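One file, protein12.cif, carrying mmCIF, C-alpha atoms:
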data_input
#
loop_
_atom_site.group_PDB
_atom_site.id
_atom_site.type_symbol
_atom_site.label_atom_id
_atom_site.label_comp_id
_atom_site.auth_asym_id
_atom_site.auth_seq_id
_atom_site.Cartn_x
_atom_site.Cartn_y
_atom_site.Cartn_z
ATOM 1 C CA MET A 29 -14.639 -18.940 -3.023
ATOM 2 C CA THR A 30 -18.092 -17.571 -2.299
ATOM 3 C CA THR A 31 -20.870 -17.197 -4.842
ATOM 4 C CA ASN A 32 -20.241 -13.446 -4.673
ATOM 5 C CA SER A 33 -16.488 -13.591 -5.288
ATOM 6 C CA LEU A 34 -15.022 -11.052 -7.678
ATOM 7 C CA ASN A 35 -13.088 -11.954 -10.805
ATOM 8 C CA VAL A 36 -9.836 -9.997 -10.563
ATOM 9 C CA ALA A 37 -6.706 -9.537 -12.637
ATOM 10 C CA VAL A 38 -3.158 -8.586 -11.693
ATOM 11 C CA LEU A 39 -0.917 -6.604 -14.017
ATOM 12 C CA GLY A 40 2.712 -7.079 -13.045
ATOM 13 C CA ALA A 41 4.523 -10.246 -11.986
ATOM 14 C CA GLY A 42 7.315 -8.834 -9.876
ATOM 15 C CA LEU A 43 7.761 -8.990 -6.087
ATOM 16 C CA ILE A 44 4.580 -7.049 -5.371
ATOM 17 C CA GLY A 45 2.531 -8.766 -8.056
ATOM 18 C CA LEU A 46 3.415 -12.304 -6.945
ATOM 19 C CA ASP A 47 2.609 -11.667 -3.285
ATOM 20 C CA LEU A 48 -0.620 -9.997 -4.367
ATOM 21 C CA VAL A 49 -1.569 -13.122 -6.328
ATOM 22 C CA GLU A 50 -0.952 -15.297 -3.267
ATOM 23 C CA LYS A 51 -3.098 -13.010 -1.093
ATOM 24 C CA ILE A 52 -5.884 -13.081 -3.688
ATOM 25 C CA GLN A 53 -5.726 -16.872 -3.795
ATOM 26 C CA ALA A 54 -6.153 -16.955 -0.002
ATOM 27 C CA SER A 55 -9.210 -14.678 -0.064
ATOM 28 C CA PRO A 56 -12.720 -16.189 -0.041
ATOM 29 C CA TYR A 57 -14.018 -13.097 -1.851
ATOM 30 C CA LEU A 58 -11.592 -12.886 -4.785
ATOM 31 C CA ASP A 59 -10.912 -15.155 -7.748
ATOM 32 C CA CYS A 60 -7.684 -14.581 -9.683
ATOM 33 C CA GLY A 61 -8.788 -14.668 -13.310
ATOM 34 C CA LEU A 62 -5.557 -13.526 -14.970
ATOM 35 C CA VAL A 63 -1.979 -12.530 -14.148
ATOM 36 C CA VAL A 64 -0.215 -10.498 -16.814
ATOM 37 C CA GLY A 65 3.453 -9.718 -17.344
ATOM 38 C CA ARG A 66 5.694 -8.981 -20.302
ATOM 39 C CA ASP A 67 8.232 -11.809 -20.190
ATOM 40 C CA PRO A 68 7.038 -15.442 -20.325
ATOM 41 C CA LYS A 69 10.186 -16.493 -18.452
ATOM 42 C CA THR A 70 9.402 -14.288 -15.445
ATOM 43 C CA LEU A 71 9.514 -16.209 -12.177
ATOM 44 C CA GLY A 72 6.352 -14.453 -11.033
ATOM 45 C CA LEU A 73 4.354 -15.702 -14.034
ATOM 46 C CA ARG A 74 5.634 -19.241 -13.523
ATOM 47 C CA ARG A 75 4.666 -19.204 -9.862
ATOM 48 C CA ALA A 76 1.263 -17.688 -10.633
ATOM 49 C CA ALA A 77 0.644 -20.497 -13.114
ATOM 50 C CA ALA A 78 1.702 -23.044 -10.480
ATOM 51 C CA LEU A 79 -0.926 -21.536 -8.165
ATOM 52 C CA GLY A 80 -3.559 -22.256 -10.788
ATOM 53 C CA CYS A 81 -3.928 -18.775 -12.290
ATOM 54 C CA ALA A 82 -4.249 -18.105 -15.990
ATOM 55 C CA THR A 83 -1.229 -16.101 -17.133
ATOM 56 C CA SER A 84 -0.157 -14.046 -20.128
ATOM 57 C CA ALA A 85 3.027 -12.299 -21.197
ATOM 58 C CA GLY A 86 1.072 -9.964 -23.473
ATOM 59 C CA GLY A 87 1.137 -6.908 -21.202
ATOM 60 C CA VAL A 88 -1.715 -4.462 -20.834
ATOM 61 C CA THR A 89 -3.182 -5.414 -24.220
ATOM 62 C CA ALA A 90 -3.676 -9.004 -23.098
ATOM 63 C CA LEU A 91 -5.366 -7.820 -19.924
ATOM 64 C CA ALA A 92 -7.695 -5.466 -21.766
ATOM 65 C CA ASP A 93 -8.587 -8.221 -24.238
ATOM 66 C CA GLY A 94 -9.037 -10.822 -21.486
ATOM 67 C CA GLY A 95 -11.711 -8.919 -19.559
ATOM 68 C CA PRO A 96 -14.056 -7.895 -18.318
ATOM 69 C CA PHE A 97 -12.945 -8.175 -14.696
ATOM 70 C CA ASP A 98 -14.483 -6.851 -11.517
ATOM 71 C CA VAL A 99 -11.166 -5.491 -10.262
ATOM 72 C CA VAL A 100 -7.791 -4.856 -11.889
ATOM 73 C CA PHE A 101 -4.686 -4.429 -9.712
ATOM 74 C CA ASP A 102 -1.794 -2.584 -11.337
ATOM 75 C CA ALA A 103 1.489 -3.654 -9.730
ATOM 76 C CA THR A 104 3.849 -2.359 -12.434
ATOM 77 C CA SER A 105 5.444 1.099 -12.254
ATOM 78 C CA ALA A 106 4.306 4.703 -12.047
ATOM 79 C CA ALA A 107 5.354 5.410 -15.624
ATOM 80 C CA ALA A 108 3.607 2.301 -16.931
ATOM 81 C CA HIS A 109 0.419 3.079 -15.040
ATOM 82 C CA THR A 110 0.372 6.618 -16.384
ATOM 83 C CA ALA A 111 0.783 5.263 -19.909
ATOM 84 C CA HIS A 112 -2.032 2.733 -19.823
ATOM 85 C CA TRP A 113 -4.449 3.527 -16.997
ATOM 86 C CA SER A 114 -7.259 4.443 -19.387
ATOM 87 C CA ALA A 115 -7.107 0.972 -20.969
ATOM 88 C CA LEU A 116 -7.133 -0.604 -17.524
ATOM 89 C CA SER A 117 -10.125 1.441 -16.382
ATOM 90 C CA GLU A 118 -12.077 0.089 -19.349
ATOM 91 C CA ALA A 119 -11.228 -3.479 -18.318
ATOM 92 C CA ALA A 120 -12.870 -3.240 -14.871
ATOM 93 C CA PRO A 121 -15.142 -0.941 -12.827
ATOM 94 C CA LEU A 122 -12.506 -0.838 -10.047
ATOM 95 C CA LEU A 123 -8.858 -0.108 -10.795
ATOM 96 C CA VAL A 124 -6.480 -0.390 -7.832
ATOM 97 C CA ASP A 125 -3.138 1.276 -8.483
ATOM 98 C CA LEU A 126 -0.256 -0.009 -6.342
ATOM 99 C CA THR A 127 2.250 2.317 -8.024
ATOM 100 C CA PRO A 128 3.134 5.864 -6.870
ATOM 101 C CA SER A 129 1.622 7.407 -10.003
ATOM 102 C CA SER A 130 -0.550 9.951 -8.124
ATOM 103 C CA LEU A 131 -3.449 9.022 -10.410
ATOM 104 C CA GLY A 132 -6.751 8.000 -8.889
ATOM 105 C CA ILE A 133 -8.115 8.804 -5.433
ATOM 106 C CA PRO A 134 -5.573 8.198 -2.644
ATOM 107 C CA VAL A 135 -6.906 5.666 -0.135
ATOM 108 C CA VAL A 136 -5.630 4.474 3.230
ATOM 109 C CA PRO A 137 -7.998 1.798 4.617
ATOM 110 C CA ALA A 138 -7.916 2.995 8.224
ATOM 111 C CA VAL A 139 -8.615 6.598 7.188
ATOM 112 C CA ASN A 140 -10.958 6.720 4.186
ATOM 113 C CA GLY A 141 -11.364 3.053 3.303
ATOM 114 C CA ALA A 142 -15.090 3.117 4.063
ATOM 115 C CA ASP A 143 -15.651 5.315 1.006
ATOM 116 C CA ALA A 144 -13.401 3.297 -1.301
ATOM 117 C CA PRO A 145 -16.068 0.889 -2.655
ATOM 118 C CA ASP A 146 -17.697 3.892 -4.349
ATOM 119 C CA TYR A 147 -14.531 4.856 -6.215
ATOM 120 C CA GLY A 148 -13.534 3.619 -9.651
ATOM 121 C CA HIS A 149 -9.812 4.412 -9.590
ATOM 122 C CA ILE A 150 -7.931 4.014 -6.300
ATOM 123 C CA ASN A 151 -4.305 4.920 -5.657
ATOM 124 C CA LEU A 152 -2.606 3.234 -2.690
ATOM 125 C CA ILE A 153 0.136 5.888 -2.538
ATOM 126 C CA SER A 154 3.125 3.789 -1.377
ATOM 127 C CA CYS A 155 4.130 1.297 1.283
ATOM 128 C CA GLY A 156 5.499 4.179 3.354
ATOM 129 C CA GLY A 157 2.220 6.044 2.989
ATOM 130 C CA GLN A 158 0.174 3.009 4.040
ATOM 131 C CA ALA A 159 2.405 2.465 7.075
ATOM 132 C CA SER A 160 2.607 6.075 8.282
ATOM 133 C CA ILE A 161 -0.586 7.911 7.356
ATOM 134 C CA PRO A 162 -2.907 6.044 9.784
ATOM 135 C CA PHE A 163 -0.770 7.349 12.668
ATOM 136 C CA LEU A 164 -0.134 10.811 11.244
ATOM 137 C CA HIS A 165 -3.839 11.312 10.554
ATOM 138 C CA ALA A 166 -4.727 10.249 14.101
ATOM 139 C CA ILE A 167 -2.140 12.580 15.675
ATOM 140 C CA THR A 168 -3.190 15.638 13.641
ATOM 141 C CA ARG A 169 -6.985 15.372 14.023
ATOM 142 C CA ASP A 170 -7.075 18.196 16.583
ATOM 143 C CA VAL A 171 -3.887 20.127 15.797
ATOM 144 C CA THR A 172 -2.334 21.740 12.741
ATOM 145 C CA ALA A 173 1.069 20.320 11.899
ATOM 146 C CA THR A 174 3.684 22.754 10.676
ATOM 147 C CA TYR A 175 6.073 20.001 9.628
ATOM 148 C CA ILE A 176 5.949 16.221 9.223
ATOM 149 C CA GLU A 177 8.888 13.989 8.397
ATOM 150 C CA VAL A 178 8.722 10.296 7.554
ATOM 151 C CA VAL A 179 11.807 8.101 7.200
ATOM 152 C CA THR A 180 11.298 4.557 5.933
ATOM 153 C CA THR A 181 13.871 1.787 6.056
ATOM 154 C CA VAL A 182 13.395 -1.201 3.762
ATOM 155 C CA ALA A 183 15.488 -4.310 3.223
ATOM 156 C CA SER A 184 17.222 -4.294 -0.146
ATOM 157 C CA PRO A 185 15.962 -7.763 -1.234
ATOM 158 C CA THR A 186 12.364 -6.507 -0.978
ATOM 159 C CA VAL A 187 12.898 -3.570 -3.321
ATOM 160 C CA GLY A 188 12.342 -4.568 -6.936
ATOM 161 C CA ARG A 189 13.534 -2.824 -10.083
ATOM 162 C CA ALA A 190 10.307 -0.878 -10.621
ATOM 163 C CA THR A 191 10.373 0.464 -7.051
ATOM 164 C CA ARG A 192 13.969 1.600 -7.408
ATOM 165 C CA ILE A 193 13.132 3.373 -10.663
ATOM 166 C CA ASN A 194 10.116 5.002 -8.979
ATOM 167 C CA LEU A 195 11.884 6.466 -5.935
ATOM 168 C CA ASP A 196 11.304 10.075 -7.011
ATOM 169 C CA GLU A 197 7.615 9.370 -7.634
ATOM 170 C CA TYR A 198 7.436 7.437 -4.350
ATOM 171 C CA ILE A 199 8.707 10.426 -2.407
ATOM 172 C CA ALA A 200 6.567 13.028 -4.205
ATOM 173 C CA THR A 201 3.366 10.966 -4.010
ATOM 174 C CA THR A 202 3.867 10.077 -0.340
ATOM 175 C CA GLN A 203 4.618 13.684 0.607
ATOM 176 C CA ALA A 204 1.510 14.900 -1.202
ATOM 177 C CA ALA A 205 -0.670 12.261 0.477
ATOM 178 C CA ILE A 206 0.670 13.142 3.914
ATOM 179 C CA ARG A 207 -0.249 16.786 3.357
ATOM 180 C CA THR A 208 -3.696 15.755 2.070
ATOM 181 C CA PHE A 209 -4.546 13.469 4.999
ATOM 182 C CA THR A 210 -3.062 15.650 7.761
ATOM 183 C CA GLY A 211 -3.292 19.247 6.546
ATOM 184 C CA ALA A 212 0.411 19.667 7.325
ATOM 185 C CA GLU A 213 2.076 22.781 5.965
ATOM 186 C CA GLN A 214 5.215 20.864 5.006
ATOM 187 C CA ALA A 215 6.012 17.178 4.610
ATOM 188 C CA LYS A 216 9.314 15.458 3.921
ATOM 189 C CA VAL A 217 9.855 11.778 3.073
ATOM 190 C CA LEU A 218 13.186 9.968 3.147
ATOM 191 C CA VAL A 219 13.895 6.375 2.073
ATOM 192 C CA ASN A 220 16.703 4.115 3.259
ATOM 193 C CA ILE A 221 17.329 0.901 1.312
ATOM 194 C CA SER A 222 19.368 -1.270 3.651
ATOM 195 C CA PRO A 223 21.770 -3.938 2.354
ATOM 196 C CA ALA A 224 22.280 -5.276 5.889
ATOM 197 C CA THR A 225 22.437 -9.005 6.605
ATOM 198 C CA PRO A 226 20.207 -10.292 8.047
ATOM 199 C CA PRO A 227 17.703 -7.965 6.375
ATOM 200 C CA PRO A 228 16.088 -5.469 8.773
ATOM 201 C CA PRO A 229 12.317 -5.261 9.234
ATOM 202 C CA PHE A 230 10.334 -2.561 7.466
ATOM 203 C CA ARG A 231 10.594 0.481 9.742
ATOM 204 C CA VAL A 232 8.874 3.850 9.664
ATOM 205 C CA ALA A 233 10.064 6.774 11.795
ATOM 206 C CA MET A 234 7.657 9.715 11.988
ATOM 207 C CA THR A 235 8.165 13.228 13.345
ATOM 208 C CA VAL A 236 5.254 15.642 13.774
ATOM 209 C CA GLN A 237 5.774 19.261 14.774
ATOM 210 C CA ALA A 238 2.577 21.001 15.869
ATOM 211 C CA PRO A 239 1.724 23.582 18.536
ATOM 212 C CA GLY A 240 -0.551 22.197 21.225
ATOM 213 C CA LEU A 241 0.432 18.528 21.037
ATOM 214 C CA ASP A 242 -0.753 16.784 24.182
ATOM 215 C CA ARG A 243 1.206 13.752 25.357
ATOM 216 C CA ALA A 244 -1.750 11.726 26.617
ATOM 217 C CA ARG A 245 -3.867 12.471 23.543
ATOM 218 C CA VAL A 246 -1.043 11.574 21.146
ATOM 219 C CA HIS A 247 -0.379 8.263 22.898
ATOM 220 C CA ALA A 248 -4.098 7.417 22.820
ATOM 221 C CA ALA A 249 -4.371 8.373 19.140
ATOM 222 C CA VAL A 250 -1.351 6.282 18.180
ATOM 223 C CA LYS A 251 -2.586 3.266 20.160
ATOM 224 C CA GLY A 252 -6.007 3.515 18.529
ATOM 225 C CA ALA A 253 -4.467 3.764 15.056
ATOM 226 C CA GLU A 254 -2.260 0.754 15.791
ATOM 227 C CA GLN A 255 -5.283 -1.352 16.747
ATOM 228 C CA GLN A 256 -7.144 -0.287 13.584
ATOM 229 C CA ALA A 257 -4.153 -1.098 11.382
ATOM 230 C CA GLN A 258 -3.664 -4.488 13.031
ATOM 231 C CA ALA A 259 -7.222 -5.448 12.080
ATOM 232 C CA TRP A 260 -6.206 -5.704 8.418
ATOM 233 C CA SER A 261 -2.419 -6.045 8.738
ATOM 234 C CA PRO A 262 -1.488 -7.847 11.989
ATOM 235 C CA GLY A 263 2.218 -7.112 11.585
ATOM 236 C CA PHE A 264 1.852 -3.447 12.601
ATOM 237 C CA THR A 265 3.704 -2.629 15.847
ATOM 238 C CA ILE A 266 4.495 0.716 17.479
ATOM 239 C CA THR A 267 8.015 0.528 18.874
ATOM 240 C CA SER A 268 8.231 4.011 20.412
ATOM 241 C CA CYS A 269 6.157 7.152 20.943
ATOM 242 C CA HIS A 270 7.470 10.340 22.564
ATOM 243 C CA VAL A 271 5.995 13.844 22.869
ATOM 244 C CA THR A 272 8.040 16.863 23.979
ATOM 245 C CA ASP A 273 7.696 20.611 23.351
ATOM 246 C CA GLY A 274 5.337 20.526 20.395
ATOM 247 C CA GLN A 275 6.958 17.538 18.714
ATOM 248 C CA ALA A 276 5.854 13.917 18.517
ATOM 249 C CA THR A 277 8.197 11.169 17.368
ATOM 250 C CA VAL A 278 6.693 7.781 16.590
ATOM 251 C CA ALA A 279 8.408 4.666 15.282
ATOM 252 C CA ALA A 280 6.672 1.611 13.848
ATOM 253 C CA GLU A 281 7.606 -1.708 12.323
ATOM 254 C CA VAL A 282 5.556 -3.747 9.891
ATOM 255 C CA THR A 283 6.280 -7.436 9.458
ATOM 256 C CA ALA A 284 4.839 -9.833 6.916
ATOM 257 C CA THR A 285 2.741 -12.374 8.792
ATOM 258 C CA ALA A 286 1.271 -14.609 6.099
ATOM 259 C CA GLY A 287 2.117 -16.269 2.806
ATOM 260 C CA ARG A 288 5.600 -16.879 1.483
ATOM 261 C CA LEU A 289 6.977 -13.427 2.266
ATOM 262 C CA PRO A 290 9.833 -13.284 4.766
ATOM 263 C CA ALA A 291 9.043 -11.307 7.925
ATOM 264 C CA HIS A 292 11.252 -8.395 6.834
ATOM 265 C CA ALA A 293 9.108 -7.798 3.700
ATOM 266 C CA GLY A 294 6.547 -5.714 5.571
ATOM 267 C CA ASN A 295 6.731 -3.046 2.879
ATOM 268 C CA LEU A 296 5.308 -5.472 0.314
ATOM 269 C CA HIS A 297 2.810 -6.940 2.752
ATOM 270 C CA VAL A 298 1.302 -3.639 3.904
ATOM 271 C CA ILE A 299 0.358 -2.276 0.491
ATOM 272 C CA ASN A 300 -0.880 -5.634 -0.817
ATOM 273 C CA ALA A 301 -2.956 -6.241 2.317
ATOM 274 C CA ALA A 302 -4.552 -2.836 1.750
ATOM 275 C CA ALA A 303 -5.291 -3.668 -1.885
ATOM 276 C CA VAL A 304 -6.923 -6.999 -1.061
ATOM 277 C CA LEU A 305 -8.930 -5.492 1.810
ATOM 278 C CA LEU A 306 -10.426 -2.819 -0.448
ATOM 279 C CA ALA A 307 -11.327 -5.372 -3.127
ATOM 280 C CA GLU A 308 -12.938 -7.590 -0.489
ATOM 281 C CA GLN A 309 -14.982 -4.626 0.731
ATOM 282 C CA ARG A 310 -16.196 -4.201 -2.830
ATOM 283 C CA ALA A 311 -17.242 -7.864 -2.943
ATOM 284 C CA ILE A 312 -19.012 -7.700 0.404
ATOM 285 C CA GLY A 313 -20.796 -4.488 -0.560
ATOM 286 C CA ARG A 314 -22.006 -6.021 -3.808
ATOM 287 C CA ALA A 315 -23.428 -9.000 -1.923
ATOM 288 C CA LEU A 316 -25.527 -6.852 0.423
#

Using the file provided, produce a representation of the structure as structure tokens.
Amino acid sequence: MTTNSLNVAVLGAGLIGLDLVEKIQASPYLDCGLVVGRDPKTLGLRRAAALGCATSAGGVTALADGGPFDVVFDATSAAAHTAHWSALSEAAPLLVDLTPSSLGIPVVPAVNGADAPDYGHINLISCGGQASIPFLHAITRDVTATYIEVVTTVASPTVGRATRINLDEYIATTQAAIRTFTGAEQAKVLVNISPATPPPPFRVAMTVQAPGLDRARVHAAVKGAEQQAQAWSPGFTITSCHVTDGQATVAAEVTATAGRLPAHAGNLHVINAAAVLLAEQRAIGRAL
């Protein structure tokens, strides 16, 4: 830890919450002050305690009482975040929402991350949003998209109960964010949860329809966005990019490259890497 490290708390001890704790523990700018769940027998709470974090099964009340913190990460569910975000915002000056609640300012590090340290309530949209919007934003900088479609494929073992419950919110929030960051007239998001063995990597297939798409410019934009994304999440890889008759189709894979996550859990890795990056930016900005 540095002398300017931030004291942070994690609400939620599921798949996302546990990986987030491990990423926080690996950061020189963040100190995990508390991990909160609702069931003392939760595997995530036990593992967080084994990592040296203070834990509580007292839910949002325990987190609010345990503050103040510099940053609170909410890794629960959209419904839970909606119910208690005001209590969380009082516990820390920066609230990072990893649920598809649509509350807070939507942030994608490669697009508007530079402004994020000034915000008090950040929404990270969804794993599909974090994986697709950097490319969609780059493609549509100079054209107006009439239609954008994003199809994500995730391995079933990486999709926890809260995510499955939140699929409707996931789709609505991701579609809204795509329209916001691209200006597209229409956006459609589809989700495939694959039970295949071995589990497939996290894949994102994107289709952009826009008059005036130029093949060379699209390829350059996608390559530039890939390099930016790899700076904070090295597992980003473009697997195909084609432009024909006003339509661009781009496919990407995101693999988990650090910690205990299996490689196919890129969906968990990408949103947690974004969350930690934004908190680290806050710490670095405070030190200047």

When you draw a straight line from atom CA of A:Ala37 to atom CA of A:Ala205, how long is it in Å? 26.1 Å

Residue IDs satisfying the PyMOL selection byres ((chain A and resi 75) around 12), as a list in words: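 Selected by the PyMOL selection byres ((chain A and resi 75) around 12) here: Ala41, Gly42, Leu43, Gly45, Leu46, Asp47, Leu48, Val49, Glu50, Val63, Pro68, Lys69, Thr70, Leu71, Gly72, Leu73, Arg74, Ala76, Ala77, Ala78, Leu79, Gly80, Cys81, Ala82, Thr83 and Arg288 of chain A.
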
With a distance cut-off of 7 Å and all atoms listed in the file, select the neighbouring residues of stretch 116-132 of chain A, excluding the residue or stretch itself and same-chain residues fewer than 3 positions from it, and output the selection as a list in words. Ala92, Gly95, Pro96, Phe97, Asp98, Val99, Val100, Phe101, Asp102, Ala103, Thr104, Ser105, Ala106, His109, Thr110, His112, Trp113, Gly148, His149, Ile150, Asn151, Leu152, Ile153, Ser154, Glu197, Tyr198, Thr201 and Ala303 of chain A

Determine the residue membership of the PyMOL selection byres ((chain A and resi 155) around 9) for the file above and supply it as a PDB file with C-alpha atoms, keeping the file's coordinate frame.
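Now in part.pdb:
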ATOM      1  CA  LEU A 126      -0.256  -0.009  -6.342  1.00  0.00           C
ATOM      2  CA  LEU A 152      -2.606   3.234  -2.690  1.00  0.00           C
ATOM      3  CA  ILE A 153       0.136   5.888  -2.538  1.00  0.00           C
ATOM      4  CA  SER A 154       3.125   3.789  -1.377  1.00  0.00           C
ATOM      5  CA  GLY A 156       5.499   4.179   3.354  1.00  0.00           C
ATOM      6  CA  GLY A 157       2.220   6.044   2.989  1.00  0.00           C
ATOM      7  CA  GLN A 158       0.174   3.009   4.040  1.00  0.00           C
ATOM      8  CA  ALA A 159       2.405   2.465   7.075  1.00  0.00           C
ATOM      9  CA  SER A 160       2.607   6.075   8.282  1.00  0.00           C
ATOM     10  CA  TYR A 198       7.436   7.437  -4.350  1.00  0.00           C
ATOM     11  CA  THR A 202       3.867  10.077  -0.340  1.00  0.00           C
ATOM     12  CA  GLY A 294       6.547  -5.714   5.571  1.00  0.00           C
ATOM     13  CA  ASN A 295       6.731  -3.046   2.879  1.00  0.00           C
ATOM     14  CA  LEU A 296       5.308  -5.472   0.314  1.00  0.00           C
ATOM     15  CA  HIS A 297       2.810  -6.940   2.752  1.00  0.00           C
ATOM     16  CA  VAL A 298       1.302  -3.639   3.904  1.00  0.00           C
ATOM     17  CA  ILE A 299       0.358  -2.276   0.491  1.00  0.00           C
ATOM     18  CA  ASN A 300      -0.880  -5.634  -0.817  1.00  0.00           C
TER      19      ASN A 300
END

Could you tell me which residues the PyMOL selection byres ((chain A and resi 310) around 12) grabs in this file, written as a PyMOL selection string? chain A and resi 32-36+57-58+98-99+121-124+141-148+303-309+311-316

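Nearest to A:Ala166 of all the residues A:His270, A:Arg66, A:Lys51, A:Lys251 is A:Lys251, based on all atoms listed in the file.
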
Can you measure atom CA of A:Gly94 to atom CA of A:Asp59 for me? One decimal in Å is fine. 14.5 Å

Need the shell around A:Ser222: protein/DNA/RNA residues with any atom at most 6 Å away, counting all atoms listed in the file. Skip same-chain ones fewer than 4 positions apart. Format as a PDB file with C-alpha atoms, in the frame of the given file?
ATOM      1  CA  VAL A 182      13.395  -1.201   3.762  1.00  0.00           C
ATOM      2  CA  ALA A 183      15.488  -4.310   3.223  1.00  0.00           C
ATOM      3  CA  SER A 184      17.222  -4.294  -0.146  1.00  0.00           C
TER       4      SER A 184
END

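Proximity of A:Pro134, A:Gly188, A:Gly252, A:Gly274 to A:Gly240, computed with all atoms listed in the file, is greatest for A:Gly274.
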
Out of A:Arg207, A:His292, A:Arg189, A:Lys216, which residue has the shortest atom-to-atom distance to A:Glu177 when counting all atoms listed in the file?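 So, comparing all the options, the nearest one is A:Lys216.
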
Could you tell me how far atom CA of A:Val179 lies from atom CA of A:Gly40, in Å and to one decimal?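 Atom-to-atom, atom CA of A:Val179 and atom CA of A:Gly40 are spaced 26.9 Å apart.
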
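Minimum distance to A:Pro226 across A:Pro137, A:Pro185, A:Pro262, A:Gly211 (counting only C-alpha atoms) occurs at A:Pro185.
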
Looking at all atoms listed in the file, which of A:Ala85, A:Leu39, A:Ile193, A:Ala138 is the one that sits closest to A:Ala107?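 Of all the options, A:Ile193 lies closest to A:Ala107.
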
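For the choices A:Ala115, A:Val219, A:Ala244, A:Ala291, the atom-to-atom distance to A:Gly87 is smallest for A:Ala115 when using only C-alpha atoms.
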